[in-house]
Amino acid sequence: MSFAKTKDAVEEGDTVIIYVNPQAMYAIQVKPLITTKKGDMVENIFQTAYGALKVQELVGKKFGHKVQFSRGWGYLLHPTPELWTLNLLHRTQILYTPDISLIVMQLDLKAGSIVVESGTGSGSLSHAIIRAIAPTGHLHTFDFHQQRVEIVTKEFFDHGLEMFVTAKQRDACKDGFDLEDTADAVFLDLPNPWLAISHAVKALKNSGGRICTFSPCIEQTQKTCEALVAKGFKCIETMECLQREFQVKNITLPDVDDYNFSFSHTTDKDCVEGKGKKEGCKFRALLPALQMAGHTGYLTFATWPRQSNVQI
């Protein structure tokens, strides 16, 4: 239940993050027994590259402290939407923190906001939305696939978030959201988001709201923008969020003033013996990483204006 509120120590039933290194993090639910593929109940022992961990022994331990494996150790971290995004089981392609942060900001989400999300997927964005709108807001999330809805519903319950979210199986493009004049914001992660724009208009409050669509292809974005214009949305803009990491490195460069470009005083014998070789200038530099995550998708934002029949 540790997603719902911050706590100092682990309790049974909590989901915790075991951090070994940036490439090895694990989300574990703290319970004494687990079910095997054969249906047998066995002791919950989690295996890592550094040995085994008896999960029930985590109960009572404080977050941020070291936990001992049989051949090493790691850190016990309190779960957050960001850490959950890095460790969740991928049932679909997911949104990551750079895109999620932009979505939460542009949709103006805050405590008390009512949000409609279509395309629940693995629940990565859902957890971030819930954190932003809790404790008085609510998320209505929809997915076409019934099994995905059942799995994510169980995850919301296990994380203590069930009071903030309602998950349903629904074809949003065909059947809409069955909501009217309710939402402050709508998010669409669909193959054909332009087909759901009219349903989003119905779900948004007549007093106004925001909408966001996520599409990997520019052709999808173009059709969506045309549908938004046709329905009367304003301030339509499309963004792409790219995260570029900078790294601190030690650099050695030759001293240009002392460098002998003519090579007239340096013989082959000097080069063999190391004479004429300059030590160079050493300094620490901040350089962009040689590799980075590229295009994920286009985020289109628009404003649904206050309707004329709404009194101010």
# chains A, B, ... in the order shown; residues from 1 in each chain; ligands from 1
>>> residues_around(residues="Gly72 in chain A", least_positions_apart="6", cutoff="9 Å", atoms="only C-alpha atoms", output="PyMOL selection string")
chain A and resi 49-51
>>> select_by_dssp(residues="range 37-284 of chain A", states="helix (DSSP H, G or I)", output="count of residues only")
85
>>> atom_distance(atom1="CA of Thr92 in chain A", atom2="CA of Met41 in chain A")
29.4 Å
>>> closest_atom_pairs(of="range 68-97 of chain A", to="range 189-202 of chain A", cutoff="12 Å", atoms="only C-alpha atoms", output="JSON lines")
{"residue": "A:Thr92", "atom": "CA", "partner": "A:Asp189", "partner_atom": "CA", "distance": 11.4}
{"residue": "A:Gln93", "atom": "CA", "partner": "A:Asp189", "partner_atom": "CA", "distance": 10.6}
{"residue": "A:Ile94", "atom": "CA", "partner": "A:Asp189", "partner_atom": "CA", "distance": 10.0}
{"residue": "A:Leu95", "atom": "CA", "partner": "A:Asp189", "partner_atom": "CA", "distance": 9.8}
>>> closest_residue(among="A:Lys110, A:His159, A:Lys62, A:Lys205", to="Phe3 in chain A", atoms="only C-alpha atoms")
A:His159
>>> atom_distance(atom1="CA of Asp158 in chain A", atom2="CA of Met105 in chain A")
27.0 Å
>>> residues_around(residues="Asn250 in chain A", least_positions_apart="5", cutoff="9 Å", atoms="only C-alpha atoms", output="MDAnalysis selection string")
chainID A and resid 282:286
>>> residues_around(residues="range 146-155 of chain A", least_positions_apart="4", cutoff="10 Å", atoms="only C-alpha atoms", output="mmCIF file with C-alpha atoms, in the first residue's frame")
data_model
loop_
_atom_site.group_PDB
_atom_site.id
_atom_site.type_symbol
_atom_site.label_atom_id
_atom_site.label_comp_id
_atom_site.auth_asym_id
_atom_site.auth_seq_id
_atom_site.Cartn_x
_atom_site.Cartn_y
_atom_site.Cartn_z
ATOM 1 C CA THR A 15 5.264 -2.789 -2.975
ATOM 2 C CA ARG A 91 2.161 -5.312 -21.286
ATOM 3 C CA THR A 92 2.346 -2.543 -23.903
ATOM 4 C CA GLY A 119 -5.234 3.633 -23.451
ATOM 5 C CA THR A 120 -4.371 2.471 -19.926
ATOM 6 C CA GLY A 121 -1.799 -0.033 -21.194
ATOM 7 C CA SER A 122 0.670 -0.937 -18.437
ATOM 8 C CA GLY A 123 -0.409 1.887 -16.113
ATOM 9 C CA SER A 124 2.792 3.938 -16.274
ATOM 10 C CA SER A 126 -1.839 6.351 -14.661
ATOM 11 C CA THR A 141 -9.040 5.101 -17.314
ATOM 12 C CA PHE A 142 -10.146 2.914 -20.236
ATOM 13 C CA HIS A 159 -0.720 -0.160 -4.391
ATOM 14 C CA GLY A 160 -3.571 1.278 -2.309
ATOM 15 C CA LEU A 161 -4.790 3.548 -5.114
ATOM 16 C CA GLU A 162 -8.210 2.026 -5.820
ATOM 17 C CA VAL A 165 -9.127 5.461 -10.028
ATOM 18 C CA THR A 166 -11.802 3.607 -11.979
ATOM 19 C CA ALA A 167 -10.573 1.254 -14.725
ATOM 20 C CA LYS A 168 -12.961 -0.087 -17.363
ATOM 21 C CA GLN A 169 -12.793 -2.087 -20.588
ATOM 22 C CA ARG A 170 -14.165 0.083 -23.390
#
>>> closest_residue(among="A:Pro81, A:Gly209, A:Pro305, A:Pro98", to="Ser113 in chain A", atoms="only C-alpha atoms")
A:Gly209
>>> closest_residue(among="A:Ile130, A:Met163, A:Val104, A:Cys225", to="Thr300 in chain A", atoms="only C-alpha atoms")
A:Cys225
>>> atom_distance(atom1="CA of Pro32 in chain A", atom2="CA of Val55 in chain A")
6.9 Å
>>> residues_around(residues="Pro288 in chain A", least_positions_apart="2", cutoff="8 Å", atoms="only C-alpha atoms", output="list in words")
Arg244, Glu245, Phe246, Gln247, Leu286 and Leu290 of chain A
>>> residues_around(residues="range 17-25 of chain A", least_positions_apart="2", cutoff="6 Å", atoms="only C-alpha atoms", output="mmCIF file with N, CA and C atoms, in the first residue's frame")
data_model
loop_
_atom_site.group_PDB
_atom_site.id
_atom_site.type_symbol
_atom_site.label_atom_id
_atom_site.label_comp_id
_atom_site.auth_asym_id
_atom_site.auth_seq_id
_atom_site.Cartn_x
_atom_site.Cartn_y
_atom_site.Cartn_z
ATOM 1 N N ALA A 27 10.909 -4.407 -8.524
ATOM 2 C CA ALA A 27 9.701 -4.092 -7.759
ATOM 3 C C ALA A 27 9.178 -5.392 -7.152
ATOM 4 N N GLY A 74 21.780 -4.438 -1.435
ATOM 5 C CA GLY A 74 21.136 -3.409 -2.234
ATOM 6 C C GLY A 74 20.477 -2.404 -1.308
ATOM 7 N N TYR A 75 19.705 -1.485 -1.902
ATOM 8 C CA TYR A 75 19.009 -0.470 -1.110
ATOM 9 C C TYR A 75 17.504 -0.690 -1.217
ATOM 10 N N LEU A 76 16.814 -0.413 -0.134
ATOM 11 C CA LEU A 76 15.363 -0.538 -0.060
ATOM 12 C C LEU A 76 14.749 0.841 -0.276
ATOM 13 N N LEU A 77 14.069 1.028 -1.406
ATOM 14 C CA LEU A 77 13.545 2.339 -1.780
ATOM 15 C C LEU A 77 12.024 2.377 -1.710
ATOM 16 N N PRO A 79 8.514 3.273 -3.172
ATOM 17 C CA PRO A 79 8.077 3.343 -4.576
ATOM 18 C C PRO A 79 7.542 4.725 -4.943
#
>>> select_by_dssp(residues="range 126-199 of chain A", states="strand (DSSP E or B)", output="ChimeraX atom specification")
/A:138-143,165-169,183,185-188
>>> closest_residue(among="A:Leu58, A:Ile129, A:Gly64, A:Val42", to="Asp8 in chain A", atoms="only C-alpha atoms")
A:Gly64
>>> residues_around(residues="Phe164 in chain A", least_positions_apart="4", cutoff="9 Å", atoms="only C-alpha atoms", output="PyMOL selection string")
chain A and resi 130+133-140+156
>>> write_last_selection(atoms="all heavy atoms", output="mmCIF file, in the first residue's frame")
data_model
loop_
_atom_site.group_PDB
_atom_site.id
_atom_site.type_symbol
_atom_site.label_atom_id
_atom_site.label_comp_id
_atom_site.auth_asym_id
_atom_site.auth_seq_id
_atom_site.Cartn_x
_atom_site.Cartn_y
_atom_site.Cartn_z
ATOM 1 N N ILE A 130 -2.422 9.855 -10.940
ATOM 2 C CA ILE A 130 -3.045 9.683 -9.626
ATOM 3 C C ILE A 130 -2.301 10.475 -8.565
ATOM 4 O O ILE A 130 -2.913 11.116 -7.698
ATOM 5 C CB ILE A 130 -3.112 8.185 -9.264
ATOM 6 C CG1 ILE A 130 -4.096 7.464 -10.197
ATOM 7 C CG2 ILE A 130 -3.529 7.993 -7.815
ATOM 8 C CD1 ILE A 130 -4.069 5.961 -10.077
ATOM 9 N N ILE A 133 -3.299 14.201 -8.841
ATOM 10 C CA ILE A 133 -4.678 14.614 -8.552
ATOM 11 C C ILE A 133 -5.161 14.207 -7.165
ATOM 12 O O ILE A 133 -6.205 14.674 -6.710
ATOM 13 C CB ILE A 133 -5.647 14.042 -9.605
ATOM 14 C CG1 ILE A 133 -5.694 12.518 -9.531
ATOM 15 C CG2 ILE A 133 -5.244 14.512 -10.995
ATOM 16 C CD1 ILE A 133 -6.686 11.887 -10.504
ATOM 17 N N ALA A 134 -4.433 13.312 -6.492
ATOM 18 C CA ALA A 134 -4.824 12.884 -5.147
ATOM 19 C C ALA A 134 -4.657 14.056 -4.161
ATOM 20 O O ALA A 134 -3.864 14.968 -4.416
ATOM 21 C CB ALA A 134 -3.967 11.700 -4.712
ATOM 22 N N PRO A 135 -5.436 14.090 -3.064
ATOM 23 C CA PRO A 135 -6.351 13.043 -2.596
ATOM 24 C C PRO A 135 -7.809 13.259 -2.964
ATOM 25 O O PRO A 135 -8.660 12.451 -2.610
ATOM 26 C CB PRO A 135 -6.173 13.146 -1.077
ATOM 27 C CG PRO A 135 -5.958 14.607 -0.840
ATOM 28 C CD PRO A 135 -5.183 15.104 -2.025
ATOM 29 N N THR A 136 -8.113 14.354 -3.667
ATOM 30 C CA THR A 136 -9.521 14.665 -3.916
ATOM 31 C C THR A 136 -9.927 14.497 -5.373
ATOM 32 O O THR A 136 -11.100 14.660 -5.701
ATOM 33 C CB THR A 136 -9.831 16.112 -3.473
ATOM 34 O OG1 THR A 136 -8.888 16.996 -4.100
ATOM 35 C CG2 THR A 136 -9.709 16.248 -1.966
ATOM 36 N N GLY A 137 -8.982 14.176 -6.258
ATOM 37 C CA GLY A 137 -9.305 13.987 -7.664
ATOM 38 C C GLY A 137 -9.630 12.541 -7.986
ATOM 39 O O GLY A 137 -9.599 11.656 -7.121
ATOM 40 N N HIS A 138 -9.917 12.289 -9.267
ATOM 41 C CA HIS A 138 -10.236 10.918 -9.686
ATOM 42 C C HIS A 138 -9.831 10.722 -11.149
ATOM 43 O O HIS A 138 -9.956 11.621 -11.978
ATOM 44 C CB HIS A 138 -11.730 10.635 -9.542
ATOM 45 C CG HIS A 138 -12.040 9.156 -9.528
ATOM 46 N ND1 HIS A 138 -11.956 8.387 -8.388
ATOM 47 C CD2 HIS A 138 -12.415 8.312 -10.521
ATOM 48 C CE1 HIS A 138 -12.283 7.139 -8.659
ATOM 49 N NE2 HIS A 138 -12.559 7.064 -9.958
ATOM 50 N N LEU A 139 -9.320 9.517 -11.423
ATOM 51 C CA LEU A 139 -8.921 9.132 -12.777
ATOM 52 C C LEU A 139 -9.877 8.079 -13.311
ATOM 53 O O LEU A 139 -10.098 7.040 -12.669
ATOM 54 C CB LEU A 139 -7.499 8.576 -12.774
ATOM 55 C CG LEU A 139 -7.017 7.911 -14.070
ATOM 56 C CD1 LEU A 139 -6.934 8.942 -15.203
ATOM 57 C CD2 LEU A 139 -5.668 7.232 -13.872
ATOM 58 N N HIS A 140 -10.457 8.339 -14.487
ATOM 59 C CA HIS A 140 -11.260 7.354 -15.211
ATOM 60 C C HIS A 140 -10.397 6.857 -16.371
ATOM 61 O O HIS A 140 -10.123 7.613 -17.313
ATOM 62 C CB HIS A 140 -12.546 7.976 -15.743
ATOM 63 C CG HIS A 140 -13.447 8.516 -14.667
ATOM 64 N ND1 HIS A 140 -14.417 7.750 -14.053
ATOM 65 C CD2 HIS A 140 -13.515 9.757 -14.105
ATOM 66 C CE1 HIS A 140 -15.051 8.486 -13.155
ATOM 67 N NE2 HIS A 140 -14.523 9.705 -13.167
ATOM 68 N N PHE A 156 -3.582 -1.436 -9.045
ATOM 69 C CA PHE A 156 -4.073 -0.258 -8.319
ATOM 70 C C PHE A 156 -4.489 -0.639 -6.903
ATOM 71 O O PHE A 156 -4.214 0.090 -5.943
ATOM 72 C CB PHE A 156 -5.260 0.369 -9.056
ATOM 73 C CG PHE A 156 -4.901 1.047 -10.349
ATOM 74 C CD1 PHE A 156 -5.760 1.000 -11.439
ATOM 75 C CD2 PHE A 156 -3.713 1.735 -10.487
ATOM 76 C CE1 PHE A 156 -5.443 1.623 -12.629
ATOM 77 C CE2 PHE A 156 -3.375 2.369 -11.677
ATOM 78 C CZ PHE A 156 -4.249 2.308 -12.750
#
>>> closest_residue(among="A:Arg210, A:Lys249, A:Lys31, A:Lys234", to="Val59 in chain A", atoms="only C-alpha atoms")
A:Lys31
